[in-house]
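To keep things clear, I will list the structure first and then write my remarks on it.
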Amino acid sequence: MIFSSLAEKLQDTFDKLRGKGKLTEKDVKAALKEVKMALLEADVNYKVVKDFISKIEERAVGKEVMESLTPGQHVIKIVNEEMQELMGGSKEDIAISSEPPTIIMMVGLQGSGKTTSAGKLARKLSKDGKNPLLVAADVYRPAAIRQLQVLGERLELPVFSMGEDSNPVDIAKGSINYAASHNCDTIILDTAGRLHIDQEMMEELENIKGTVEPDEILLVVDAMTGQDAVNVAKNFDQRLDIDGIVLTKMDGDARGGAALSIKAITGKPIKFAGTGEKLADLETFHPDRMSSRILG
Ligand code: GDP
């Protein structure tokens with residue numbers, strides 16, 4: 001599971017803190033140094049770690065904490081609060097349009113889990129009482145359209161496609177009419193990804209955005225790629241002003257740094273976490289629960 005090594009290290013540090021009756025400034029500083037090392041090893045961005053530690057230090061090295069009855073517990077509580085804050089504070093929902101259809105545009109690099117996440121999200125929304133339409137606007141990756149159709153069949157949800165020879169902007173536009181005539185209140189656009197960010201892909205995504213004005217642009221990034229995931233997010237956000245992030249493959253053994261730095265670096269919240277290959281493996285991202293999971 002993601003974060004297991006980070007969690008283990010932090011728990012060791014915290015056990016030591018708890019074991020001490022009184023704490024000195026030196027004890028706290030030593031503990032925070034261990035927290036810092038553990039975060040860096042988990043591939044959290046250096047600057048993010050530095051800011052995070054100095055915020056905690058400001059709150060944790062003081063009379064109030066040192067003289068409290070359980071100073072160790074107090075420090076741990078501060079770390080927990082700051083970690084939650086680092087991941088966005090509280091959960092963030094996706095925007096729902098007051099007038100249907102709500103248009104959700106999924107973007108991301110090839111292999112990030114975009115198509116799978118589109119299916120997972122459709123399943124979730126359908127369970128919440130919505131009528132989602134999946135739209136196959138990735139006309140470049142061989143089999144992407146078929147993949148979405150298979151997901152649609154499994155979910156018993158409609159899939160709109162115009163084949164591989166159509167322009168993705170036309171497909172996106174066409175899906176709005178299709179949704180209206182098929183009673184679908186939510187459109188999930190599966191757009192094209194590439195192996196690397198390139199100009200042409202970004203232009204196409206900008207064109208789709210400009211044409212259909214999505215309510216929500218969700219960037220899908222692979223947690224296994226660590227700091228790269230954060231750089232990808234920064235890039236996509238600069239071009240598309242994304243609304244949120246779906247962090248996939250959280251079930252893997254990645255060190256987890258992306259989950260901890262992506263909000264601080266992009267300012268955009270993680271809204272969902274992919275936790276497996278199955279369609280049910282999508283969780284709403286709760287910073288507080290994630291933080292408690294890491295800190296034990
Ligand atoms: P796309 O190219 O971005 O559309 O990527 P796909 O949706 O085809 O996914 C690429 C691979 O990642 C597939 O084998 C998926 O089953 C897998 N995948 C997607 N999300 C997750 C996840 O949350 N956990 C795991 N373990 N695998 C995932």
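Please note that chains go A, B, ... in the order of the structure tokens, that every chain numbers its residues from 1, and that ligands are numbered from 1 in the order shown.
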Picked from segment 94-274 of chain A by DSSP as strand (DSSP E or B), as an MDAnalysis selection string: chainID A and resid 102:108 132:137 159:160 186:191 216:222 244:248 270:274
Contacts of Ala229 of chain A within 12 Å, only C-alpha atoms, excl. fewer than 4 positions in-chain, as a ChimeraX atom specification: /A:43-45,108-109,112,196-197,219-225,233-236,245-249,254,256-263,265-266
Residue selection dump (C-alpha atoms) as an mmCIF file, in the first residue's frame:
```
data_model
loop_
_atom_site.group_PDB
_atom_site.id
_atom_site.type_symbol
_atom_site.label_atom_id
_atom_site.label_comp_id
_atom_site.auth_asym_id
_atom_site.auth_seq_id
_atom_site.Cartn_x
_atom_site.Cartn_y
_atom_site.Cartn_z
ATOM 1 C CA ASP A 43 9.549 11.696 -2.643
ATOM 2 C CA VAL A 44 7.759 14.785 -1.380
ATOM 3 C CA ASN A 45 9.015 17.959 -3.044
ATOM 4 C CA GLY A 108 -4.001 13.266 -18.547
ATOM 5 C CA LEU A 109 -1.078 11.431 -20.017
ATOM 6 C CA SER A 112 -2.203 7.440 -16.222
ATOM 7 C CA HIS A 196 4.605 13.137 -22.926
ATOM 8 C CA ILE A 197 3.078 16.577 -22.755
ATOM 9 C CA LEU A 219 -6.548 15.748 -14.403
ATOM 10 C CA VAL A 220 -5.699 12.085 -13.980
ATOM 11 C CA VAL A 221 -2.171 11.437 -12.709
ATOM 12 C CA ASP A 222 -0.376 8.291 -11.716
ATOM 13 C CA ALA A 223 0.774 8.380 -8.069
ATOM 14 C CA MET A 224 3.514 5.879 -8.898
ATOM 15 C CA THR A 225 5.364 8.554 -10.868
ATOM 16 C CA ALA A 233 -0.030 18.543 -12.921
ATOM 17 C CA LYS A 234 1.695 21.916 -12.929
ATOM 18 C CA ASN A 235 1.941 21.852 -16.703
ATOM 19 C CA PHE A 236 -1.640 20.845 -17.351
ATOM 20 C CA ILE A 245 -6.987 15.829 -9.655
ATOM 21 C CA VAL A 246 -7.655 12.109 -9.742
ATOM 22 C CA LEU A 247 -4.617 10.398 -8.274
ATOM 23 C CA THR A 248 -4.513 6.820 -9.529
ATOM 24 C CA LYS A 249 -2.633 3.704 -8.497
ATOM 25 C CA ALA A 254 4.812 4.157 -4.604
ATOM 26 C CA GLY A 256 3.387 8.685 -2.035
ATOM 27 C CA GLY A 257 5.121 12.018 -2.456
ATOM 28 C CA ALA A 258 2.706 13.179 -5.138
ATOM 29 C CA ALA A 259 -0.279 12.931 -2.837
ATOM 30 C CA LEU A 260 1.494 15.141 -0.325
ATOM 31 C CA SER A 261 2.903 17.800 -2.634
ATOM 32 C CA ILE A 262 0.501 18.183 -5.529
ATOM 33 C CA LYS A 263 -1.933 20.518 -3.749
ATOM 34 C CA ILE A 265 2.473 23.036 -5.785
ATOM 35 C CA THR A 266 -0.562 23.447 -8.033
#
```
Counting only C-alpha atoms and all ligand atoms, the residue of A:Ser292, A:Gln110, A:Gln149, A:Ser5 that sits nearest ligand 1: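 The answer is A:Gln110, which sits nearest to ligand 1.
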Selection within 9 Å of ligand 1 by only C-alpha atoms and all ligand atoms, output as a ChimeraX atom specification: /A:107-119,138,141,144,147-148,190-195,220-223,247-252,273-279,281-282
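Compared by their closest atoms to Leu23 of chain A, and using only C-alpha atoms, the residues A:Lys91, A:Lys63, A:Lys130, A:Arg146 rank with A:Lys63 nearest.
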Shell around segment 68-75 of chain A at 10 Å using only C-alpha atoms, local window under 3 positions removed, as a list in words: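 Near segment 68-75 of chain A, the qualifying residues are Phe14, Asp15, Lys16, Leu17, Arg18, Gly19, Lys20, Gly21, Lys22, Leu23, Thr24, Asp27, Val28, Ala31, Leu32, Ile56, Glu57, Arg59, Ala60, Val61, Lys63, Glu64, Val65, Ile78, Val79, Asn80 and Glu81 of chain A.
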Asn177 of chain A surroundings by only C-alpha atoms, 12 Å radius, close-in-sequence under 4 positions cut, as a PyMOL selection string: chain A and resi 100-101+133+160+170-173+181-185+187+212
With N, CA and C atoms retained, export the selected residues as a JSON list (two decimals), in the first residue's frame.
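This went into selection_32.json:
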```
[["chain", "number", "residue", "atom", "x", "y", "z"],
["A", 100, "PRO", "N", -28.56, 20.91, -16.54],
["A", 100, "PRO", "CA", -27.86, 19.80, -17.18],
["A", 100, "PRO", "C", -27.55, 20.11, -18.65],
["A", 101, "PRO", "N", -26.55, 19.53, -19.24],
["A", 101, "PRO", "CA", -25.70, 18.54, -18.60],
["A", 101, "PRO", "C", -24.50, 19.15, -17.88],
["A", 133, "LEU", "N", -23.13, 9.93, -19.30],
["A", 133, "LEU", "CA", -22.82, 9.50, -20.66],
["A", 133, "LEU", "C", -21.30, 9.51, -20.80],
["A", 160, "PHE", "N", -20.92, 7.43, -26.06],
["A", 160, "PHE", "CA", -21.04, 8.13, -27.33],
["A", 160, "PHE", "C", -19.70, 8.13, -28.04],
["A", 170, "ASP", "N", -15.48, 18.02, -32.41],
["A", 170, "ASP", "CA", -16.81, 17.68, -32.93],
["A", 170, "ASP", "C", -17.48, 16.60, -32.08],
["A", 171, "ILE", "N", -16.66, 15.66, -31.63],
["A", 171, "ILE", "CA", -17.21, 14.58, -30.79],
["A", 171, "ILE", "C", -17.77, 15.18, -29.50],
["A", 172, "ALA", "N", -16.98, 16.06, -28.90],
["A", 172, "ALA", "CA", -17.41, 16.68, -27.64],
["A", 172, "ALA", "C", -18.71, 17.47, -27.85],
["A", 173, "LYS", "N", -18.75, 18.22, -28.94],
["A", 173, "LYS", "CA", -19.96, 18.99, -29.25],
["A", 173, "LYS", "C", -21.15, 18.06, -29.49],
["A", 181, "SER", "N", -30.83, 14.18, -25.96],
["A", 181, "SER", "CA", -31.86, 13.30, -26.51],
["A", 181, "SER", "C", -31.90, 11.93, -25.82],
["A", 182, "HIS", "N", -30.93, 11.65, -24.98],
["A", 182, "HIS", "CA", -30.94, 10.36, -24.27],
["A", 182, "HIS", "C", -31.08, 10.51, -22.76],
["A", 183, "ASN", "N", -31.50, 11.70, -22.35],
["A", 183, "ASN", "CA", -31.80, 11.89, -20.94],
["A", 183, "ASN", "C", -30.58, 11.73, -20.03],
["A", 184, "CYS", "N", -29.40, 12.07, -20.55],
["A", 184, "CYS", "CA", -28.20, 11.99, -19.72],
["A", 184, "CYS", "C", -27.93, 13.36, -19.11],
["A", 185, "ASP", "N", -27.71, 13.41, -17.80],
["A", 185, "ASP", "CA", -27.49, 14.71, -17.14],
["A", 185, "ASP", "C", -26.01, 15.01, -16.91],
["A", 187, "ILE", "N", -22.00, 14.44, -18.59],
["A", 187, "ILE", "CA", -21.16, 13.98, -19.71],
["A", 187, "ILE", "C", -19.74, 13.82, -19.19],
["A", 212, "VAL", "N", -16.82, 23.42, -25.41],
["A", 212, "VAL", "CA", -17.92, 22.89, -24.59],
["A", 212, "VAL", "C", -17.98, 23.48, -23.18]]
```
Shell of 12 Å around Glu99 of chain A, only C-alpha atoms, local chain residues under 2 positions omitted, as a PyMOL selection string: chain A and resi 95-97+101-103+180+184-186+215
Requested write-out: N, CA and C atoms of the selected residues, as a tab-separated table (two decimals), in the first residue's frame:
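Result went into result.tsv, see below:
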```tsv
chain	number	residue	atom	x	y	z
A	95	ALA	N	-17.92	19.97	-9.40
A	95	ALA	CA	-18.97	20.95	-9.67
A	95	ALA	C	-20.11	20.29	-10.45
A	96	ILE	N	-21.31	20.57	-10.02
A	96	ILE	CA	-22.47	20.07	-10.76
A	96	ILE	C	-23.19	21.29	-11.32
A	97	SER	N	-23.45	21.25	-12.61
A	97	SER	CA	-24.08	22.39	-13.26
A	97	SER	C	-25.54	22.51	-12.81
A	101	PRO	N	-26.55	19.53	-19.24
A	101	PRO	CA	-25.70	18.54	-18.60
A	101	PRO	C	-24.50	19.15	-17.88
A	102	THR	N	-24.07	18.46	-16.84
A	102	THR	CA	-22.78	18.77	-16.24
A	102	THR	C	-21.73	18.12	-17.14
A	103	ILE	N	-20.72	18.90	-17.51
A	103	ILE	CA	-19.69	18.33	-18.40
A	103	ILE	C	-18.38	18.18	-17.63
A	180	ALA	N	-28.70	15.23	-24.49
A	180	ALA	CA	-30.03	15.83	-24.36
A	180	ALA	C	-31.10	14.87	-24.86
A	184	CYS	N	-29.40	12.07	-20.55
A	184	CYS	CA	-28.20	11.99	-19.72
A	184	CYS	C	-27.93	13.36	-19.11
A	185	ASP	N	-27.71	13.41	-17.80
A	185	ASP	CA	-27.49	14.71	-17.14
A	185	ASP	C	-26.01	15.01	-16.91
A	186	THR	N	-25.15	14.03	-17.18
A	186	THR	CA	-23.72	14.23	-16.94
A	186	THR	C	-22.92	13.65	-18.09
A	215	ASP	N	-17.76	21.98	-16.87
A	215	ASP	CA	-17.96	22.43	-15.49
A	215	ASP	C	-16.78	22.01	-14.63
```
Selected residue of minimal separation from Leu134 of chain A among A:Met202, A:Ile176, A:Ile242, A:Ile94, counting only C-alpha atoms: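 Looking only at the distances to Leu134 of chain A, the closest residue turns out to be A:Ile176.
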Between atom CA of Ile53 of chain A and atom CA of Lys268 of chain A, distance in Å (one decimal): 21.1 Å
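The closest residue to Asn131 of chain A, picked from A:Ile208, A:Ile217, A:Val150, A:Leu155 and counting only C-alpha atoms, is A:Leu155.
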Counting only C-alpha atoms, the option among A:Val135, A:Ile145, A:Glu67, A:Asp198 closest to Val169 of chain A: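 Nearest candidate to Val169 of chain A out of A:Val135, A:Ile145, A:Glu67, A:Asp198: A:Val135.
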Counting only C-alpha atoms, the option among A:Ala30, A:Met37, A:Ser291, A:Glu25 closest to Lys9 of chain A: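 Going through A:Ala30, A:Met37, A:Ser291, A:Glu25 one by one, the smallest distance to Lys9 of chain A is for A:Met37.
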